[in-house]
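Undergrad: The following file, upload-v4.csv, comprises CSV, C-alpha atoms:
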chain,number,residue,atom,x,y,z
A,1,MET,CA,13.8,-7.7,-19.9
A,2,GLY,CA,11.0,-6.4,-17.7
A,3,LYS,CA,10.6,-4.4,-14.6
A,4,LEU,CA,8.8,-5.9,-11.5
A,5,THR,CA,7.6,-3.7,-8.7
A,6,ILE,CA,6.9,-5.5,-5.4
A,7,GLY,CA,5.3,-3.8,-2.5
A,8,THR,CA,4.8,-5.4,0.9
A,9,PHE,CA,3.4,-4.6,4.3
A,10,SER,CA,4.3,-7.9,5.8
A,11,SER,CA,6.8,-8.2,8.7
A,12,LEU,CA,10.2,-9.8,8.8
A,13,VAL,CA,9.9,-12.8,11.2
A,14,GLY,CA,6.3,-13.6,12.1
A,15,SER,CA,5.2,-14.0,8.5
A,16,LEU,CA,6.8,-15.6,5.6
A,17,SER,CA,5.2,-13.3,3.1
A,18,LEU,CA,8.3,-11.0,3.1
A,19,ASP,CA,10.5,-14.0,2.5
A,20,PHE,CA,8.3,-15.0,-0.4
A,21,ALA,CA,8.6,-11.5,-1.8
A,22,VAL,CA,12.4,-11.4,-1.5
A,23,LYS,CA,12.6,-14.9,-3.1
A,24,LEU,CA,10.5,-13.8,-6.0
A,25,ALA,CA,12.7,-10.7,-6.4
A,26,GLU,CA,15.7,-12.8,-6.4
A,27,ALA,CA,14.3,-15.1,-9.1
A,28,ALA,CA,13.3,-12.2,-11.2
A,29,VAL,CA,16.8,-10.5,-11.0
A,30,LYS,CA,18.5,-13.8,-11.8
A,31,LYS,CA,16.4,-13.9,-15.0
A,32,GLY,CA,17.7,-10.5,-15.9
A,33,HIS,CA,14.7,-8.4,-14.8
A,34,LYS,CA,14.8,-5.2,-12.8
A,35,VAL,CA,13.1,-5.2,-9.5
A,36,ASP,CA,11.9,-2.3,-7.3
A,37,PHE,CA,11.1,-3.5,-3.8
A,38,TRP,CA,8.9,-1.3,-1.5
A,39,MET,CA,8.4,-1.8,2.2
A,40,SER,CA,5.6,-0.2,4.2
A,41,GLY,CA,4.2,-0.8,7.7
A,42,ASN,CA,5.9,-3.8,9.5
A,43,ALA,CA,7.9,-4.7,6.4
A,44,THR,CA,10.2,-1.7,7.2
A,45,MET,CA,11.7,-4.0,9.8
A,46,LEU,CA,13.8,-5.4,6.9
A,47,ALA,CA,15.4,-2.0,6.7
A,48,LYS,CA,17.1,-2.3,10.0
A,49,LYS,CA,20.8,-3.1,10.1
A,50,GLY,CA,22.4,-5.5,12.5
A,51,GLN,CA,20.1,-8.5,11.9
A,52,LYS,CA,21.6,-11.8,13.0
A,53,ALA,CA,21.0,-15.2,11.5
A,54,PHE,CA,19.3,-17.8,13.6
A,55,LYS,CA,18.0,-21.1,12.3
A,56,ASP,CA,14.5,-20.5,13.7
A,57,TYR,CA,14.0,-17.1,12.0
A,58,SER,CA,14.1,-15.6,8.6
A,59,PHE,CA,17.4,-14.0,7.6
A,60,LEU,CA,17.1,-12.0,4.5
A,61,ALA,CA,19.9,-9.4,4.9
A,62,LYS,CA,22.5,-11.3,3.0
A,63,THR,CA,20.2,-12.0,0.0
A,64,ILE,CA,19.2,-8.4,-0.1
A,65,GLN,CA,22.8,-7.2,-0.1
A,66,ASP,CA,23.6,-9.6,-3.0
A,67,LEU,CA,20.6,-8.3,-4.9
A,68,ILE,CA,21.6,-4.7,-4.4
A,69,ALA,CA,25.1,-5.6,-5.7
A,70,THR,CA,23.6,-6.7,-9.0
A,71,GLY,CA,22.6,-3.1,-9.8
A,72,ASN,CA,19.2,-4.4,-11.0
A,73,PHE,CA,17.5,-4.2,-7.6
A,74,GLN,CA,16.3,-1.1,-5.7
A,75,ILE,CA,14.9,-1.5,-2.2
A,76,CYS,CA,13.1,1.3,-0.5
A,77,ALA,CA,11.5,1.7,2.9
A,78,CYS,CA,8.6,4.0,3.8
A,79,GLU,CA,10.3,6.7,5.8
A,80,ALA,CA,7.4,7.5,8.0
A,81,CYS,CA,6.7,3.8,8.7
A,82,ALA,CA,10.3,3.3,9.7
A,83,GLU,CA,10.5,6.5,11.9
A,84,ALA,CA,7.3,5.5,13.6
A,85,ARG,CA,9.0,2.3,14.6
A,86,GLY,CA,12.2,3.9,15.7
A,87,TYR,CA,14.3,3.0,12.7
A,88,HIS,CA,16.2,6.1,11.7
A,89,LYS,CA,18.4,6.9,8.7
A,90,GLU,CA,21.5,5.7,10.5
A,91,ASP,CA,19.8,2.4,11.3
A,92,CYS,CA,19.3,1.7,7.6
A,93,PRO,CA,21.6,-0.9,5.9
A,94,ASP,CA,23.9,0.2,3.1
A,95,GLY,CA,22.2,0.5,-0.2
A,96,PHE,CA,18.6,0.9,1.1
A,97,ILE,CA,16.6,3.9,0.2
A,98,ARG,CA,14.1,5.7,2.4
A,99,LYS,CA,11.3,7.7,0.8
A,100,SER,CA,7.6,8.6,1.1
A,101,MET,CA,4.9,6.5,-0.4
A,102,ASP,CA,4.9,8.3,-3.7
A,103,TRP,CA,8.2,6.6,-4.6
A,104,TYR,CA,6.3,3.3,-4.7
A,105,LEU,CA,3.5,4.7,-6.8
A,106,ALA,CA,6.0,6.2,-9.2
A,107,SER,CA,7.7,2.9,-9.5
A,108,THR,CA,4.4,1.3,-10.6
A,109,PHE,CA,4.1,3.8,-13.4
A,110,ASP,CA,6.5,2.0,-15.8
A,111,ALA,CA,6.4,-1.5,-14.1
A,112,ASP,CA,5.5,-4.4,-16.3
A,113,ARG,CA,4.0,-6.1,-13.3
A,114,VAL,CA,3.2,-5.0,-9.8
A,115,LEU,CA,2.9,-7.5,-6.9
A,116,HIS,CA,1.4,-6.0,-3.8
A,117,ILE,CA,1.3,-8.0,-0.6
A,118,GLY,CA,-0.9,-5.8,1.5
A,119,GLY,CA,-1.3,-7.8,4.7
A,120,ASP,CA,0.7,-9.1,7.6
B,1,MET,CA,1.9,11.4,-21.7
B,2,ALA,CA,0.4,8.4,-20.1
B,3,THR,CA,-1.7,7.4,-17.1
B,4,THR,CA,-1.2,4.4,-14.9
B,5,LYS,CA,-4.4,3.4,-13.1
B,6,LEU,CA,-4.0,1.7,-9.7
B,7,ALA,CA,-7.0,0.0,-8.1
B,8,PHE,CA,-6.6,-0.3,-4.3
B,9,ILE,CA,-8.9,-3.0,-3.0
B,10,VAL,CA,-9.4,-2.7,0.7
B,11,ARG,CA,-10.6,-5.9,2.3
B,12,SER,CA,-9.0,-5.7,5.7
B,13,LEU,CA,-10.7,-4.7,8.9
B,14,PRO,CA,-10.0,-1.3,10.3
B,15,TYR,CA,-7.5,-1.0,13.1
B,16,LYS,CA,-6.9,-4.7,13.5
B,17,THR,CA,-3.9,-4.4,11.2
B,18,GLU,CA,-2.4,-1.3,9.5
B,19,ALA,CA,-3.3,-2.6,6.0
B,20,SER,CA,-6.4,-0.5,5.3
B,21,ARG,CA,-4.9,2.7,6.6
B,22,LEU,CA,-1.8,2.0,4.4
B,23,ALA,CA,-4.1,1.4,1.4
B,24,LEU,CA,-5.5,4.9,1.9
B,25,THR,CA,-2.3,6.7,2.6
B,26,HIS,CA,-0.7,5.0,-0.4
B,27,ALA,CA,-3.7,6.0,-2.6
B,28,ILE,CA,-3.5,9.5,-1.4
B,29,ALA,CA,0.2,9.6,-2.2
B,30,SER,CA,-0.8,9.5,-5.9
B,31,GLN,CA,-1.3,13.2,-5.5
B,32,THR,CA,2.4,13.9,-5.2
B,33,VAL,CA,3.8,11.2,-7.5
B,34,GLU,CA,4.4,13.6,-10.3
B,35,ILE,CA,7.6,14.8,-8.8
B,36,TYR,CA,9.1,11.4,-9.9
B,37,LEU,CA,7.5,11.3,-13.4
B,38,LYS,CA,7.9,13.1,-16.7
B,39,ASP,CA,5.6,16.1,-17.4
B,40,GLY,CA,2.1,14.9,-18.3
B,41,ASP,CA,2.5,11.4,-16.9
B,42,LEU,CA,0.1,10.5,-14.1
B,43,VAL,CA,-0.6,7.8,-11.6
B,44,GLU,CA,-4.3,7.7,-10.8
B,45,ALA,CA,-5.6,5.8,-7.8
B,46,SER,CA,-9.1,4.5,-6.9
B,47,VAL,CA,-10.1,2.9,-3.7
B,48,SER,CA,-12.7,0.1,-3.5
B,49,TYR,CA,-14.0,-1.4,-0.2
B,50,VAL,CA,-15.0,-5.0,-0.3
B,51,GLY,CA,-15.8,-7.8,2.3
B,52,ASP,CA,-14.7,-6.8,5.9
B,53,GLY,CA,-13.1,-3.7,4.3
B,54,VAL,CA,-16.5,-1.9,4.1
B,55,LEU,CA,-16.3,-1.4,7.8
B,56,ASN,CA,-13.5,1.1,7.2
B,57,CYS,CA,-16.2,3.4,5.9
B,58,MET,CA,-18.2,3.5,9.2
B,59,LYS,CA,-19.0,7.0,10.4
B,60,GLY,CA,-18.2,8.3,13.8
B,61,GLN,CA,-14.9,6.5,14.3
B,62,GLN,CA,-13.1,7.3,17.6
B,63,GLY,CA,-9.5,6.5,16.8
B,64,MET,CA,-8.2,9.6,18.5
B,65,LYS,CA,-10.2,9.1,21.6
B,66,HIS,CA,-9.3,5.4,22.2
B,67,TYR,CA,-5.9,5.0,20.5
B,68,GLY,CA,-4.6,8.6,20.2
B,69,ILE,CA,-4.4,8.2,16.4
B,70,THR,CA,-6.1,9.6,13.4
B,71,THR,CA,-9.2,7.8,12.2
B,72,ILE,CA,-9.4,5.8,9.0
B,73,GLU,CA,-12.6,7.7,8.4
B,74,GLY,CA,-10.5,10.9,8.3
B,75,HIS,CA,-8.2,9.4,5.6
B,76,ALA,CA,-11.3,8.2,3.7
B,77,LYS,CA,-12.6,11.7,3.8
B,78,ASN,CA,-9.3,13.1,2.5
B,79,SER,CA,-9.5,10.7,-0.4
B,80,LEU,CA,-12.9,12.2,-1.3
B,81,LEU,CA,-11.6,15.7,-0.8
B,82,LEU,CA,-8.9,14.8,-3.4
B,83,ASP,CA,-11.6,13.7,-5.9
B,84,MET,CA,-10.5,10.1,-5.8
B,85,ARG,CA,-12.9,7.5,-7.1
B,86,VAL,CA,-14.3,5.5,-4.2
B,87,LEU,CA,-16.4,2.4,-4.6
B,88,ILE,CA,-18.1,0.5,-1.7
B,89,CYS,CA,-19.5,-2.9,-2.3
B,90,LYS,CA,-23.3,-2.9,-1.8
B,91,GLU,CA,-23.6,-6.7,-1.2
B,92,ASP,CA,-21.0,-6.5,1.6
B,93,LEU,CA,-22.7,-3.5,3.2
B,94,ASP,CA,-26.0,-5.5,3.1
B,95,LYS,CA,-24.3,-8.4,4.8
B,96,PHE,CA,-23.4,-6.2,7.7
B,97,GLY,CA,-26.8,-4.5,7.7
B,98,LEU,CA,-25.2,-1.2,6.8
B,99,THR,CA,-26.7,1.5,4.7
B,100,GLU,CA,-25.7,4.9,3.3
B,101,ASP,CA,-26.7,6.4,6.6
B,102,ASN,CA,-24.0,4.5,8.5
B,103,ILE,CA,-21.1,5.1,6.3
B,104,LEU,CA,-19.0,8.0,5.1
B,105,MET,CA,-20.4,9.1,1.7
B,106,ASP,CA,-18.9,12.6,1.3
B,107,ALA,CA,-16.4,15.2,2.5
B,108,GLU,CA,-18.7,18.2,2.3
B,109,ASP,CA,-17.8,19.4,5.7
B,110,ILE,CA,-14.2,20.0,4.6
B,111,GLY,CA,-15.1,21.3,1.2
B,112,GLY,CA,-15.1,18.1,-0.8
B,113,GLU,CA,-17.3,17.7,-3.9
B,114,THR,CA,-16.8,14.1,-4.8
B,115,LYS,CA,-19.0,11.4,-3.3
B,116,ALA,CA,-18.4,7.8,-2.5
B,117,ASN,CA,-20.3,5.3,-4.7
B,118,ILE,CA,-22.2,2.3,-3.3
B,119,VAL,CA,-22.1,-0.2,-6.2
B,120,ALA,CA,-22.6,-3.9,-6.9
B,121,TYR,CA,-19.5,-6.0,-6.8
B,122,SER,CA,-19.7,-6.3,-10.6
B,123,GLU,CA,-18.8,-2.6,-10.8
B,124,ILE,CA,-15.7,-3.2,-8.6
B,125,GLN,CA,-14.8,-6.1,-10.8
B,126,LYS,CA,-14.9,-3.7,-13.8
B,127,GLU,CA,-12.8,-1.2,-11.9
B,128,MET,CA,-10.2,-4.0,-11.4
B,129,GLU,CA,-10.4,-5.0,-15.1
B,130,THR,CA,-9.7,-1.5,-16.3
B,131,ALA,CA,-6.8,-0.8,-13.8
B,132,SER,CA,-3.2,-1.1,-14.9
B,133,HIS,CA,-2.4,-2.8,-11.5
B,134,ILE,CA,-4.5,-4.1,-8.6
B,135,LEU,CA,-3.2,-3.6,-5.0
B,136,VAL,CA,-5.1,-5.7,-2.5
B,137,CYS,CA,-4.8,-4.5,1.1
Re-express the file's structure as structure tokens.
TA:
Amino acid sequence: MGKLTIGTFSSLVGSLSLDFAVKLAEAAVKKGHKVDFWMSGNATMLAKKGQKAFKDYSFLAKTIQDLIATGNFQICACEACAEARGYHKEDCPDGFIRKSMDWYLASTFDADRVLHIGGD
Amino acid sequence: MATTKLAFIVRSLPYKTEASRLALTHAIASQTVEIYLKDGDLVEASVSYVGDGVLNCMKGQQGMKHYGITTIEGHAKNSLLLDMRVLICKEDLDKFGLTEDNILMDAEDIGGETKANIVAYSEIQKEMETASHILVC
């Protein structure tokens, strides 16, 4: 089985790119692959706990928690991007990692595939 | 010992979104990635500017004056200071009527020795073909 590294800058709610990235991660993990998921910029919004489900908006928190529980999924937010937006360590949902950008680049080192969604 | 080559392809306008700035800060982060890797392993980043992305290379940016933030020009200069390979698409510069005189080509004023390269798109295509992974921003 392989390793997929996904990086995204796209925001939660307002763009469905982040939803696509999470769905792709879910499909990969279901097939037995490992996934590293990196969030920079507005994507760090996903690393904020307390999100509520509404029918009109994306709700990815449950899917992410299920993915973390598999042990084959790591999710990491850019610490500086989160802090700049007022999301601190205590705001981070359980199981999320916060690191600097080199964590992402290191993840690409041994990734079989890298999918980078570099826009909003 | 192995090297993974990342090709950051910057095609976003400067300041309109955060994407081009993040491309540069991520590429620059390759300088500290070794703390996560085995001895001798490397991640090497290059930055190529294409399409609207070439406007990120404009000289004389005033980000601090108008927005109170560092300029993308400053990050681009840092990438040259760190000897990163920087490619700028000639055809796209031509479309905007830009020449070497209008864009950041070096970081000599801060001690950099590496220069940016204005190249035909075919060279950027080669850069992508030889990269382990392509990251479009």
Undergrad: With 3 Å of padding per side, what axis-aligned box (centre and edge lengths, Å, one decimal) covers all the listed atoms of region 111-126 of chain B? Give it as AutoDock Vina command-line options.
TA:
--center_x -18.7 --center_y 7.5 --center_z -6.3 --size_x 13.8 --size_y 33.6 --size_z 21.0
Undergrad: What is the CA of Leu18 (chain A) to CA of Leu60 (chain A) distance in Å?
TA: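 Separation of CA of Leu18 (chain A) and CA of Leu60 (chain A): 9.0 Å.
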Undergrad: May I ask which of the residues A:His88, A:Ala80, A:Phe109, A:Gln65 is the closest one to Glu26 (chain A), counting only C-alpha atoms?
TA: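 The closest residue to Glu26 (chain A) is A:Gln65.
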Undergrad: Ranking B:Leu42, B:Ala116, B:Cys137, B:Leu81 by minimum distance to Ala7 (chain B) and counting all atoms listed in the file, which one comes first?
TA: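 Using all atoms listed in the file, Ala7 (chain B) sits closest to B:Cys137.
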Undergrad: What does the distance between CA of His133 (chain B) and CA of Leu6 (chain B) come to in Å, to one decimal place?
TA: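 Those two atoms sit 5.1 Å apart.
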Undergrad: Show me, as a PyMOL selection string, every residue of chain A with an atom at most 12 Å from chain B, counting all atoms listed in the file.
TA: chain A and resi 4-11+38-43+78+80-81+99-120
Undergrad: In Å, how far is it from CA of Gly2 (chain A) to CA of Lys34 (chain A)?
TA: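 We find that CA of Gly2 (chain A) and CA of Lys34 (chain A) lie 6.3 Å from each other.
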Undergrad: Since the input lacks atoms, please generate all heavy atoms for region 78-89 of chain A and provide them as a CSV table (one decimal), keeping the file's coordinate frame.
TA:
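out11.csv was written with the following content:
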chain,number,residue,atom,x,y,z
A,78,CYS,N,9.4,2.8,3.5
A,78,CYS,CA,8.6,4.0,3.8
A,78,CYS,C,9.2,4.7,5.0
A,78,CYS,O,9.4,4.2,6.1
A,78,CYS,CB,7.2,3.6,4.1
A,78,CYS,SG,6.2,4.9,4.7
A,79,GLU,N,9.6,6.0,4.8
A,79,GLU,CA,10.3,6.7,5.8
A,79,GLU,C,9.5,6.9,7.1
A,79,GLU,O,10.0,6.7,8.2
A,79,GLU,CB,10.8,8.1,5.2
A,79,GLU,CG,11.7,8.8,6.1
A,79,GLU,CD,12.3,10.0,5.3
A,79,GLU,OE1,11.6,10.5,4.4
A,79,GLU,OE2,13.4,10.4,5.7
A,80,ALA,N,8.2,7.3,6.9
A,80,ALA,CA,7.4,7.5,8.0
A,80,ALA,C,7.1,6.2,8.8
A,80,ALA,O,7.1,6.2,10.0
A,80,ALA,CB,6.0,8.1,7.6
A,81,CYS,N,6.9,5.1,8.1
A,81,CYS,CA,6.7,3.8,8.7
A,81,CYS,C,7.9,3.4,9.6
A,81,CYS,O,7.8,2.9,10.7
A,81,CYS,CB,6.4,2.8,7.7
A,81,CYS,SG,4.9,3.0,6.8
A,82,ALA,N,9.1,3.7,9.0
A,82,ALA,CA,10.3,3.3,9.7
A,82,ALA,C,10.5,4.2,10.9
A,82,ALA,O,10.8,3.7,12.0
A,82,ALA,CB,11.5,3.4,8.8
A,83,GLU,N,10.3,5.5,10.7
A,83,GLU,CA,10.5,6.5,11.9
A,83,GLU,C,9.6,6.2,13.0
A,83,GLU,O,9.9,6.2,14.2
A,83,GLU,CB,10.3,7.9,11.4
A,83,GLU,CG,11.5,8.4,10.5
A,83,GLU,CD,12.8,8.6,11.2
A,83,GLU,OE1,12.8,9.0,12.4
A,83,GLU,OE2,13.8,8.4,10.6
A,84,ALA,N,8.3,5.8,12.6
A,84,ALA,CA,7.3,5.5,13.6
A,84,ALA,C,7.7,4.3,14.5
A,84,ALA,O,7.3,4.2,15.6
A,84,ALA,CB,6.0,5.2,13.0
A,85,ARG,N,8.5,3.5,13.9
A,85,ARG,CA,9.0,2.3,14.6
A,85,ARG,C,10.4,2.4,15.2
A,85,ARG,O,11.0,1.5,15.7
A,85,ARG,CB,9.0,1.1,13.6
A,85,ARG,CG,7.6,0.6,13.3
A,85,ARG,CD,7.5,-0.3,12.0
A,85,ARG,NE,6.2,-0.8,11.8
A,85,ARG,CZ,5.2,-0.1,11.3
A,85,ARG,NH1,5.4,1.2,10.9
A,85,ARG,NH2,4.0,-0.6,11.2
A,86,GLY,N,10.9,3.6,15.1
A,86,GLY,CA,12.2,3.9,15.7
A,86,GLY,C,13.4,3.6,14.9
A,86,GLY,O,14.5,3.5,15.4
A,87,TYR,N,13.2,3.3,13.6
A,87,TYR,CA,14.3,3.0,12.7
A,87,TYR,C,14.7,4.3,12.0
A,87,TYR,O,13.9,4.8,11.2
A,87,TYR,CB,14.0,2.0,11.6
A,87,TYR,CG,13.3,0.7,12.1
A,87,TYR,CD1,12.5,0.0,11.3
A,87,TYR,CD2,13.6,0.2,13.4
A,87,TYR,CE1,11.9,-1.2,11.7
A,87,TYR,CE2,13.0,-0.9,13.9
A,87,TYR,CZ,12.1,-1.6,13.0
A,87,TYR,OH,11.5,-2.7,13.4
A,88,HIS,N,15.8,4.8,12.3
A,88,HIS,CA,16.2,6.1,11.7
A,88,HIS,C,17.2,5.9,10.5
A,88,HIS,O,17.6,4.7,10.3
A,88,HIS,CB,16.8,7.0,12.8
A,88,HIS,CG,15.9,7.1,14.0
A,88,HIS,ND1,14.7,7.7,13.9
A,88,HIS,CD2,16.1,6.7,15.3
A,88,HIS,CE1,14.1,7.6,15.1
A,88,HIS,NE2,15.0,7.0,15.9
A,89,LYS,N,17.5,7.0,9.9
A,89,LYS,CA,18.4,6.9,8.7
A,89,LYS,C,19.7,6.1,9.0
A,89,LYS,O,20.1,5.3,8.2
A,89,LYS,CB,18.7,8.3,8.2
A,89,LYS,CG,19.3,8.3,6.8
A,89,LYS,CD,19.4,9.7,6.3
A,89,LYS,CE,20.0,9.7,4.9
A,89,LYS,NZ,20.2,11.1,4.4
